[in-house]
>>> print(open('model.txt').read())   # compact mmCIF, C-alpha atoms
# COMPACT_ATOMS: atom_id res chain seq x y z
CA MET A 101 11.41 4.80 6.03
CA ARG A 102 9.80 3.89 2.73
CA HIS A 103 11.10 0.35 2.75
CA ALA A 104 10.73 -0.30 6.49
CA PRO A 105 8.63 -3.44 7.02
CA ASP A 106 6.49 -1.79 9.72
CA LEU A 107 5.79 1.41 7.78
CA LEU A 108 2.21 2.34 6.91
CA ARG A 109 1.45 5.12 4.43
CA ILE A 110 -1.78 6.92 5.29
CA ALA A 111 -3.61 10.06 4.16
CA THR A 112 -6.46 12.20 5.41
CA ALA A 113 -9.35 13.48 3.35
CA GLY A 114 -12.73 15.06 3.91
CA SER A 115 -14.75 18.20 3.44
CA VAL A 116 -13.55 21.63 4.54
CA ASP A 117 -13.78 22.29 8.30
CA ASP A 118 -14.27 18.61 9.14
CA GLY A 119 -11.15 18.81 11.32
CA LYS A 120 -8.47 17.04 9.31
CA SER A 121 -5.59 19.25 10.41
CA THR A 122 -6.74 19.11 14.03
CA LEU A 123 -6.85 15.31 13.86
CA VAL A 124 -3.35 15.15 12.37
CA GLY A 125 -2.12 17.56 15.03
CA ARG A 126 -3.73 15.36 17.68
CA LEU A 127 -2.01 12.26 16.26
CA LEU A 128 1.36 14.03 16.36
CA TYR A 129 0.72 15.38 19.85
CA ASP A 130 -0.54 12.13 21.38
CA THR A 131 2.33 10.10 19.89
CA LYS A 132 4.84 12.68 21.20
CA SER A 133 6.07 13.39 17.68
CA VAL A 134 6.43 17.15 18.10
CA LEU A 135 9.09 19.12 19.94
CA ALA A 136 8.41 21.20 23.03
CA ASP A 137 9.24 24.47 21.26
CA GLN A 138 6.69 23.64 18.55
CA ILE A 139 4.01 23.14 21.19
CA ASP A 140 5.04 26.44 22.82
CA ALA A 141 4.79 28.26 19.49
CA VAL A 142 1.36 26.78 18.77
CA THR A 143 0.15 27.63 22.28
CA LYS A 144 1.31 31.23 21.89
CA ALA A 145 -0.36 31.56 18.47
CA SER A 146 -3.55 30.10 19.89
CA VAL A 147 -3.57 32.55 22.82
CA ASP A 148 -3.05 35.42 20.37
CA ARG A 149 -6.21 34.24 18.60
CA GLY A 150 -8.12 34.29 21.87
CA LEU A 151 -8.29 30.53 22.33
CA GLU A 152 -8.09 28.90 25.75
CA GLY A 153 -6.02 25.88 24.68
CA PRO A 154 -3.55 25.05 21.89
CA ASP A 155 -4.99 24.80 18.39
CA LEU A 156 -3.33 21.56 17.27
CA SER A 157 -4.18 22.20 13.62
CA LEU A 158 -1.39 24.80 13.61
CA LEU A 159 1.12 21.95 13.95
CA VAL A 160 0.42 20.97 10.33
CA ASP A 161 -0.99 24.05 8.61
CA GLY A 162 2.46 25.32 7.67
CA LEU A 163 1.80 27.74 4.83
CA ARG A 164 1.24 31.34 5.84
CA ALA A 165 -1.92 31.52 3.71
CA GLU A 166 -3.23 28.44 5.53
CA ARG A 167 -2.60 29.91 8.95
CA GLU A 168 -4.34 33.15 8.00
CA GLN A 169 -7.38 31.45 6.46
CA GLY A 170 -7.57 28.49 8.83
CA ILE A 171 -7.69 26.01 5.93
CA THR A 172 -5.38 23.44 4.37
CA ILE A 173 -4.23 24.27 0.83
CA ASP A 174 -1.18 22.12 0.18
CA VAL A 175 -0.42 18.47 0.97
CA ALA A 176 1.51 18.35 4.24
CA TYR A 177 3.55 15.18 4.79
CA ARG A 178 4.13 14.24 8.42
CA TYR A 179 6.01 11.43 10.11
CA PHE A 180 5.18 9.84 13.44
CA ALA A 181 5.62 6.51 15.14
CA THR A 182 4.31 4.31 17.94
CA PRO A 183 6.08 1.33 19.51
CA ALA A 184 4.24 -0.92 17.04
CA ARG A 185 4.63 0.90 13.70
CA SER A 186 5.95 3.94 11.82
CA PHE A 187 3.71 6.17 9.71
CA VAL A 188 3.97 8.61 6.82
CA LEU A 189 0.84 10.75 6.69
CA ALA A 190 -0.36 13.09 3.95
CA ASP A 191 -2.76 15.75 5.22
CA THR A 192 -4.73 16.74 2.09
CA PRO A 193 -6.98 19.77 1.44
CA GLY A 194 -10.76 19.70 1.78
CA HIS A 195 -11.85 22.39 -0.66
CA VAL A 196 -13.18 21.10 -3.97
CA GLN A 197 -10.74 23.25 -5.96
CA TYR A 198 -7.87 21.34 -4.34
CA THR A 199 -9.11 17.86 -5.27
CA ARG A 200 -5.94 17.54 -7.36
CA ASN A 201 -3.89 17.78 -4.15
CA THR A 202 -6.00 15.01 -2.63
CA VAL A 203 -5.22 12.81 -5.64
CA SER A 204 -1.51 13.47 -5.15
CA GLY A 205 -1.54 12.82 -1.40
CA ALA A 206 -3.58 9.62 -1.58
CA SER A 207 -1.88 8.12 -4.63
CA THR A 208 0.58 6.08 -2.52
CA ALA A 209 -1.59 5.60 0.58
CA GLN A 210 -2.28 2.14 1.95
CA LEU A 211 -5.04 3.55 4.15
CA VAL A 212 -7.05 6.78 4.05
CA ILE A 213 -8.76 8.40 7.02
CA LEU A 214 -11.86 10.07 5.62
CA LEU A 215 -13.39 12.55 8.05
CA VAL A 216 -16.98 13.71 8.28
CA ASP A 217 -18.47 16.26 10.64
CA ALA A 218 -20.98 14.44 12.85
CA ARG A 219 -23.31 17.44 12.50
CA ASN A 220 -23.30 17.31 8.68
CA GLY A 221 -22.83 13.63 7.87
CA VAL A 222 -21.95 12.42 4.38
CA VAL A 223 -21.81 15.44 2.03
CA SER A 224 -20.94 15.84 -1.65
CA GLN A 225 -17.22 16.26 -0.96
CA THR A 226 -17.27 13.04 1.09
CA ARG A 227 -18.69 11.22 -1.91
CA ARG A 228 -16.13 12.86 -4.21
CA HIS A 229 -13.20 11.87 -1.99
CA ALA A 230 -14.47 8.31 -1.55
CA ALA A 231 -14.78 7.99 -5.33
CA VAL A 232 -11.23 9.27 -5.82
CA MET A 233 -9.91 6.78 -3.26
CA ALA A 234 -11.72 3.94 -5.01
CA LEU A 235 -10.32 5.04 -8.35
CA LEU A 236 -6.79 5.13 -6.93
CA GLY A 237 -7.24 1.65 -5.51
CA VAL A 238 -6.68 2.59 -1.85
CA PRO A 239 -7.10 -0.79 -0.12
CA GLN A 240 -8.44 0.39 3.27
CA LEU A 241 -10.56 3.24 4.64
CA VAL A 242 -11.26 4.63 8.08
CA LEU A 243 -14.40 6.72 8.48
CA ALA A 244 -13.64 9.14 11.31
CA VAL A 245 -16.93 10.65 12.47
CA ASN A 246 -15.40 13.77 13.99
CA LYS A 247 -16.87 16.32 16.41
CA ILE A 248 -19.02 13.57 17.89
CA ASP A 249 -19.10 15.62 21.09
CA LEU A 250 -21.17 18.32 19.36
CA VAL A 251 -24.27 16.19 18.66
CA ASP A 252 -26.95 15.08 21.12
CA ASP A 253 -27.90 11.52 20.21
CA GLN A 254 -24.36 10.36 19.49
CA ALA A 255 -25.12 6.65 19.09
CA SER A 256 -27.93 7.26 16.60
CA VAL A 257 -25.95 9.82 14.59
CA PHE A 258 -22.89 7.55 14.42
CA ALA A 259 -24.99 4.56 13.33
CA GLN A 260 -26.78 6.58 10.65
CA ILE A 261 -23.59 8.07 9.17
CA SER A 262 -21.80 4.70 9.27
CA ALA A 263 -24.70 3.01 7.46
CA GLU A 264 -24.85 5.69 4.74
CA PHE A 265 -21.10 5.59 4.25
CA GLY A 266 -21.12 1.79 4.15
CA GLU A 267 -23.69 1.84 1.36
CA LEU A 268 -21.49 4.32 -0.57
CA THR A 269 -18.27 2.30 -0.16
CA ARG A 270 -19.96 -0.98 -1.12
CA SER A 271 -21.17 0.74 -4.29
CA LEU A 272 -17.56 1.73 -5.01
CA GLY A 273 -16.27 -1.83 -4.63
CA TRP A 274 -14.99 -1.98 -1.04
CA SER A 275 -16.01 -4.83 1.23
CA ASP A 276 -17.20 -4.17 4.77
CA GLU A 277 -13.92 -5.63 6.07
CA GLN A 278 -11.97 -2.87 4.28
CA VAL A 279 -13.87 -0.02 5.96
CA THR A 280 -13.81 0.84 9.67
CA ALA A 281 -15.90 3.58 11.30
CA ILE A 282 -14.71 5.29 14.51
CA PRO A 283 -16.42 8.15 16.43
CA VAL A 284 -13.80 10.74 17.44
CA SER A 285 -13.30 14.22 18.77
CA ALA A 286 -10.00 15.46 17.38
CA LEU A 287 -10.21 18.59 19.52
CA HIS A 288 -10.50 16.72 22.82
CA GLY A 289 -8.74 13.49 21.80
CA ASP A 290 -11.73 11.15 22.22
CA ASN A 291 -10.96 7.73 20.67
CA VAL A 292 -7.84 9.00 18.92
CA ALA A 293 -5.08 7.61 21.15
CA ASN A 294 -7.21 6.97 24.23
CA ARG A 295 -10.59 5.32 24.55
CA SER A 296 -13.26 7.83 25.52
CA GLU A 297 -15.82 7.43 28.28
CA ASN A 298 -17.99 9.90 26.38
CA THR A 299 -18.89 7.27 23.73
CA PRO A 300 -20.14 4.26 25.74
CA PHE A 301 -22.01 2.99 22.66
CA TYR A 302 -18.71 2.34 20.84
CA ASP A 303 -16.61 -0.69 21.79
CA GLY A 304 -14.20 -0.81 18.83
CA PRO A 305 -10.53 0.21 18.67
CA THR A 306 -9.21 3.74 18.99
CA LEU A 307 -7.82 5.29 15.84
CA ILE A 308 -4.21 4.65 16.92
CA GLU A 309 -5.01 1.04 17.85
CA HIS A 310 -6.54 0.46 14.44
CA LEU A 311 -3.60 2.06 12.62
CA GLU A 312 -1.18 -0.11 14.59
CA THR A 313 -2.94 -3.39 13.83
CA VAL A 314 -4.47 -2.97 10.36
CA PRO A 315 -2.84 -5.22 7.72
CA ASN A 316 -0.10 -3.48 5.75
CA LEU A 317 -1.52 -4.01 2.26
CA THR A 318 0.19 -2.78 -0.89
CA GLU A 319 -0.58 -4.23 -4.30
CA ARG A 320 -3.58 -6.40 -5.14
CA ALA A 321 -1.15 -9.10 -6.26
CA PRO A 322 2.64 -9.19 -6.11
CA VAL A 323 4.46 -8.36 -9.32
CA GLY A 324 8.01 -8.95 -10.45
CA LEU A 325 10.79 -6.41 -10.68
CA ARG A 326 10.04 -2.96 -12.10
CA PHE A 327 13.20 -0.83 -12.20
CA PRO A 328 13.06 2.44 -14.21
CA VAL A 329 16.61 3.42 -15.16
CA GLN A 330 17.34 6.93 -13.93
CA TYR A 331 21.02 7.23 -14.78
CA VAL A 332 23.73 5.21 -16.51
CA ILE A 333 27.00 5.17 -14.51
CA ARG A 334 30.21 4.79 -16.52
CA PRO A 335 33.21 6.16 -14.55
CA ARG A 336 35.83 5.19 -17.20
CA THR A 337 38.59 5.57 -14.62
CA PRO A 338 41.72 3.45 -14.26
CA GLU A 339 40.10 1.79 -11.25
CA TYR A 340 36.79 1.13 -13.06
CA PRO A 341 37.58 1.10 -16.80
CA ASP A 342 34.67 -1.14 -17.84
CA TYR A 343 32.10 -0.39 -15.12
CA ARG A 344 28.57 0.06 -16.48
CA GLY A 345 25.84 0.39 -13.87
CA TYR A 346 22.19 1.41 -14.09
CA ALA A 347 21.03 3.57 -11.19
CA GLY A 348 17.46 4.01 -10.02
CA GLN A 349 14.90 2.97 -7.45
CA VAL A 350 13.12 -0.38 -7.31
CA ALA A 351 9.54 0.69 -8.11
CA ALA A 352 8.01 -2.76 -7.55
CA GLY A 353 9.01 -6.30 -6.71
CA ARG A 354 12.57 -7.19 -5.75
CA VAL A 355 15.81 -7.94 -7.54
CA SER A 356 18.52 -10.44 -6.66
CA VAL A 357 21.89 -11.32 -8.13
CA GLY A 358 21.38 -14.03 -10.76
CA ASP A 359 17.79 -12.99 -11.65
CA GLU A 360 16.82 -13.14 -15.31
CA VAL A 361 15.54 -9.76 -16.48
CA VAL A 362 14.34 -8.13 -19.67
CA VAL A 363 15.18 -4.59 -20.77
CA LEU A 364 12.21 -2.69 -22.17
CA PRO A 365 11.25 -1.49 -24.68
CA SER A 366 14.06 -3.28 -26.60
CA GLY A 367 13.14 -6.73 -25.22
CA GLN A 368 16.76 -7.87 -24.67
CA ARG A 369 17.21 -10.50 -21.96
CA THR A 370 20.10 -10.88 -19.56
CA THR A 371 20.84 -11.59 -15.90
CA VAL A 372 21.73 -9.43 -12.91
CA SER A 373 25.41 -9.80 -12.09
CA GLN A 374 25.79 -7.29 -9.26
CA ILE A 375 23.78 -4.88 -7.09
CA ASP A 376 25.69 -1.85 -5.73
CA THR A 377 24.80 0.80 -3.16
CA ALA A 378 26.68 3.60 -1.47
CA ASP A 379 27.09 1.26 1.51
CA GLY A 380 28.44 -1.63 -0.50
CA PRO A 381 27.09 -4.51 -2.63
CA LEU A 382 23.84 -6.35 -1.91
CA GLU A 383 22.59 -9.81 -2.77
CA SER A 384 19.03 -8.48 -3.23
CA ALA A 385 17.02 -5.25 -3.01
CA HIS A 386 13.30 -4.71 -2.47
CA THR A 387 10.71 -2.08 -3.37
CA GLY A 388 11.78 1.46 -2.52
CA ARG A 389 15.51 0.74 -2.38
CA SER A 390 17.80 2.94 -4.48
CA VAL A 391 20.52 0.81 -6.07
CA THR A 392 22.79 0.44 -9.07
CA ILE A 393 22.26 -2.73 -11.10
CA LEU A 394 24.98 -4.35 -13.19
CA LEU A 395 24.08 -6.85 -15.91
CA ALA A 396 25.91 -9.89 -17.23
CA ASP A 397 25.70 -8.75 -20.87
CA ASN A 398 26.60 -5.50 -22.57
CA VAL A 399 23.08 -4.22 -23.32
CA ASP A 400 22.22 -0.84 -24.85
CA ILE A 401 20.30 0.89 -22.03
CA SER A 402 19.58 4.58 -21.43
CA ARG A 403 17.58 6.72 -19.02
CA GLY A 404 13.88 5.95 -19.32
CA ASP A 405 14.30 2.25 -20.08
CA LEU A 406 12.77 -0.30 -17.73
CA ILE A 407 14.54 -3.35 -16.30
CA ALA A 408 11.78 -5.85 -15.47
CA ALA A 409 11.44 -9.43 -14.29
CA ALA A 410 11.49 -11.73 -17.31
CA VAL A 411 8.54 -13.79 -16.04
CA ASP A 412 5.88 -11.06 -16.02
CA ALA A 413 7.32 -8.08 -17.89
CA PRO A 414 4.73 -5.64 -19.26
CA GLU A 415 4.23 -5.33 -23.01
CA PRO A 416 5.42 -1.95 -24.36
CA VAL A 417 2.51 -0.05 -25.92
CA GLN A 418 2.03 3.12 -27.93
CA GLN A 419 -1.77 3.22 -27.88
CA PHE A 420 -3.78 2.57 -24.75
CA THR A 421 -6.83 3.52 -22.71
CA ALA A 422 -6.26 5.56 -19.56
CA THR A 423 -8.18 7.23 -16.78
CA VAL A 424 -7.00 10.73 -15.88
CA CYS A 425 -7.80 13.33 -13.24
CA TRP A 426 -7.40 16.72 -14.88
CA LEU A 427 -5.35 19.00 -12.61
CA ALA A 428 -5.08 22.22 -14.62
CA GLU A 429 -7.15 25.36 -15.13
CA LYS A 430 -6.78 25.08 -18.91
CA GLN A 431 -9.19 22.65 -20.58
CA LEU A 432 -8.31 19.29 -22.10
CA ARG A 433 -9.61 18.75 -25.62
CA PRO A 434 -9.27 15.81 -28.03
CA GLY A 435 -6.16 16.02 -30.16
CA ALA A 436 -4.13 17.80 -27.47
CA ARG A 437 -0.38 17.32 -27.95
CA LEU A 438 1.29 16.89 -24.58
CA LEU A 439 4.26 15.26 -22.90
CA LEU A 440 3.74 11.97 -21.06
CA LYS A 441 6.04 11.05 -18.17
CA HIS A 442 6.05 7.38 -17.22
CA GLY A 443 8.65 6.38 -14.63
CA THR A 444 11.86 8.05 -15.74
CA LYS A 445 10.82 8.26 -19.40
CA THR A 446 9.26 11.33 -21.03
CA THR A 447 7.80 11.15 -24.53
CA GLN A 448 5.39 13.07 -26.73
CA ALA A 449 1.75 12.03 -26.63
CA ILE A 450 -1.58 12.85 -28.28
CA VAL A 451 -4.95 12.57 -26.54
CA GLY A 452 -6.96 10.73 -29.15
CA GLY A 453 -10.42 11.07 -27.67
CA LEU A 454 -12.53 11.63 -24.56
CA ASP A 455 -14.49 8.40 -24.01
CA ALA A 456 -16.51 8.88 -20.82
CA LEU A 457 -16.75 11.23 -17.84
CA PHE A 458 -16.99 9.96 -14.25
CA ASP A 459 -19.90 11.47 -12.27
CA GLU A 460 -18.67 10.85 -8.73
CA GLN A 461 -21.84 12.18 -7.08
CA ASN A 462 -24.20 9.77 -8.85
CA LEU A 463 -21.58 7.00 -9.27
CA ALA A 464 -22.19 6.87 -12.99
CA LEU A 465 -20.39 7.19 -16.31
CA VAL A 466 -21.74 9.99 -18.47
CA GLU A 467 -21.09 10.91 -22.06
CA ALA A 468 -17.80 12.78 -22.25
CA PRO A 469 -18.05 16.52 -22.94
CA GLU A 470 -16.16 18.31 -25.68
CA SER A 471 -13.57 19.40 -23.12
CA VAL A 472 -12.48 18.44 -19.61
CA GLU A 473 -12.37 20.92 -16.72
CA LEU A 474 -10.29 21.15 -13.56
CA ASN A 475 -10.74 18.17 -11.16
CA GLN A 476 -12.86 16.16 -13.60
CA ILE A 477 -12.08 12.46 -14.04
CA VAL A 478 -12.35 11.10 -17.56
CA ARG A 479 -11.49 7.99 -19.57
CA ILE A 480 -9.38 8.82 -22.61
CA SER A 481 -7.34 7.19 -25.36
CA VAL A 482 -3.64 8.03 -25.64
CA GLN A 483 -1.06 7.61 -28.37
CA THR A 484 2.64 8.04 -27.60
CA ALA A 485 5.56 8.74 -29.90
CA GLU A 486 7.62 5.96 -28.29
CA PRO A 487 6.52 2.67 -26.73
CA ILE A 488 6.21 2.70 -22.94
CA PRO A 489 6.44 -0.50 -20.83
CA ALA A 490 3.40 0.17 -18.64
CA ASP A 491 1.40 -2.19 -16.44
CA ASP A 492 -2.32 -1.78 -16.00
CA TYR A 493 -2.85 0.37 -12.90
CA GLN A 494 -4.97 -2.40 -11.37
CA VAL A 495 -1.90 -4.66 -11.50
CA ASN A 496 0.68 -2.23 -10.18
CA ARG A 497 0.38 1.39 -9.06
CA GLU A 498 3.93 2.50 -9.71
CA SER A 499 4.35 1.21 -13.25
CA GLY A 500 0.69 1.83 -14.11
CA SER A 501 0.64 5.57 -13.46
CA PHE A 502 1.85 8.52 -15.49
CA LEU A 503 1.71 12.31 -15.75
CA LEU A 504 0.59 14.52 -18.62
CA ILE A 505 2.74 17.66 -18.87
CA ASP A 506 2.39 20.95 -20.72
CA PRO A 507 5.18 20.94 -23.35
CA GLN A 508 5.41 24.75 -23.26
CA GLY A 509 5.48 25.58 -19.55
CA GLY A 510 6.39 22.21 -18.08
CA ASN A 511 3.40 22.25 -15.72
CA THR A 512 1.72 19.00 -14.69
CA LEU A 513 -1.71 18.86 -16.33
CA ALA A 514 -3.07 15.46 -15.32
CA ALA A 515 -2.44 12.38 -13.21
CA GLY A 516 -3.12 9.29 -15.29
CA LEU A 517 -3.83 5.63 -14.63
CA VAL A 518 -3.11 3.12 -17.39
CA GLY A 519 -6.17 1.07 -18.33
CA ASP A 520 -9.82 1.48 -17.38
CA ALA A 521 -9.50 2.21 -13.66
CA LEU A 522 -13.24 2.91 -13.57
CA ALA A 523 -14.11 -0.66 -14.54
CA PRO A 524 -13.80 -2.22 -11.03
CA LEU A 525 -16.18 0.38 -9.56
CA HIS A 526 -19.83 -0.56 -9.41
CA LEU A 527 -21.01 2.30 -11.61
CA LYS A 528 -24.27 2.93 -13.42
CA GLU A 529 -24.28 2.45 -17.18
CA LEU A 530 -23.19 5.22 -19.53
CA VAL A 531 -25.94 7.86 -19.62
>>> encode(input="model.txt", output="structure tokens")
Amino acid sequence: MRHAPDLLRIATAGSVDDGKSTLVGRLLYDTKSVLADQIDAVTKASVDRGLEGPDLSLLVDGLRAEREQGITIDVAYRYFATPARSFVLADTPGHVQYTRNTVSGASTAQLVILLVDARNGVVSQTRRHAAVMALLGVPQLVLAVNKIDLVDDQASVFAQISAEFGELTRSLGWSDEQVTAIPVSALHGDNVANRSENTPFYDGPTLIEHLETVPNLTERAPVGLRFPVQYVIRPRTPEYPDYRGYAGQVAAGRVSVGDEVVVLPSGQRTTVSQIDTADGPLESAHTGRSVTILLADNVDISRGDLIAAAVDAPEPVQQFTATVCWLAEKQLRPGARLLLKHGTKTTQAIVGGLDALFDEQNLALVEAPESVELNQIVRISVQTAEPIPADDYQVNRESGSFLLIDPQGGNTLAAGLVGDALAPLHLKELV
């Protein structure tokens, strides 16, 4: 599904109890993307809880701890489709301590549905999630003003929340055309798949209509081939004595037979002679396709190298500025020696310094502390033991992102963006 032309990757976000899981359950239910036995199981569980109707949030809250607490902890990926388009949806947690899961779920999203409770409006977690989405470069937002049925003056409340959210998103760099506000009731289905008579003040599209028709945006600007080599295939059999193929997934751009490419970090240039798949050879392959590339020249390539388009290949670097979201309980301090995973390459790295901390509530850069805590977003300098062929994150998400890993336990410590991802945001000066 990843490389289907009509596929849209979306995610949900919002504060706890704003109804994210119920909305996702409603989307699955209204698009007939759940089986009858699943509905029966949810109905039975709802009756056992003393509810009159099915609790659709149970369709996505899969972990036992989530069912018991009535909250979302992990990122739940769901798939549904309408006649117009297919969707991959990441239902992310709302609690502040799970902001790291929100970063993970929204990192590949082309659109994020950010929910607010109509009774509470824009709260601190709304501002935090909007800031994270801006940092990740999510191109489109939907503000779903949920539980609109629970307020009296619906039109006034919707207008006030939409205006406040619009001011926030403009401050974070989105244009008004990139943000759409829709009043919904996930519990009753108002303006989700069907237009509601309960909101006569609203004449815009339903949520499903908007998801079906919104432009399928990916990168800010198209980039050439980015192909991290995952495995070198050399059968050395009588049938294939000289076969040398480089297996992996096209992370960005496309590749065709005859294209001139450069192998990084070595800088050797050659051309693509063949593209193989399990289903046979191809003339070209696009983003998301897993293939094996054969080259015209015998080039020394190993796992972790990058095959890139010769016209716009990134420059391998060993020192660079990055923006990271710290995902671990243990603190980050200057001088930390970690592992950095970029594409299929893992190398040793040192955090040289903490430059500035992002205050997402006040939309400002503040002086970096001596250490970084869980969920904080900070600009740092990084030095790697080996050169990595990384794009700036603002140019390309896939080749501009990396992970910082604990060399002892192997745990992921941070999600990183190459370059100053905070620069495009309209932030206050360093204070």
>>> residues_around(input="model.txt", residues="Asp376 (chain A)", least_positions_apart="3", cutoff="6 Å", atoms="only C-alpha atoms", output="short mmCIF file (atom, residue, chain, number, x, y, z; two decimals) with C-alpha atoms, in the frame of the given file")
data_model
loop_
_atom_site.label_atom_id
_atom_site.label_comp_id
_atom_site.auth_asym_id
_atom_site.auth_seq_id
_atom_site.Cartn_x
_atom_site.Cartn_y
_atom_site.Cartn_z
CA GLY A 380 28.44 -1.63 -0.50
CA PRO A 381 27.09 -4.51 -2.63
CA VAL A 391 20.52 0.81 -6.07
CA THR A 392 22.79 0.44 -9.07
#
>>> closest_residue(input="model.txt", among="A:Ala190, A:Ala259, A:Val242, A:Leu382", to="Asp276 (chain A)", atoms="all atoms listed in the file")
A:Val242
>>> atom_distance(input="model.txt", atom1="CA of Gly500 (chain A)", atom2="CA of Val518 (chain A)")
5.2 Å
>>> atom_distance(input="model.txt", atom1="CA of Ala408 (chain A)", atom2="CA of Thr447 (chain A)")
19.7 Å
>>> closest_residue(input="model.txt", among="A:Glu460, A:Glu415, A:Asp520, A:Glu486", to="Ser499 (chain A)", atoms="only C-alpha atoms")
A:Glu415
>>> closest_residue(input="model.txt", among="A:Gln138, A:Thr444, A:Gln254, A:Gln240", to="Trp274 (chain A)", atoms="all atoms listed in the file")
A:Gln240
>>> residues_around(input="model.txt", residues="Ile110 (chain A)", least_positions_apart="5", cutoff="6 Å", atoms="all atoms listed in the file", output="PyMOL selection string")
chain A and resi 189+209-212
>>> closest_residue(input="model.txt", among="A:Leu439, A:Leu525, A:Leu214, A:Leu241", to="Ile505 (chain A)", atoms="all atoms listed in the file")
A:Leu439
>>> residues_around(input="model.txt", residues="region 400-402 of chain A", least_positions_apart="3", cutoff="8 Å", atoms="all atoms listed in the file", output="ChimeraX atom specification")
/A:329,331-332,363,405
>>> residues_around(input="model.txt", residues="region 146-161 of chain A", least_positions_apart="3", cutoff="6 Å", atoms="all atoms listed in the file", output="count of residues only")
5
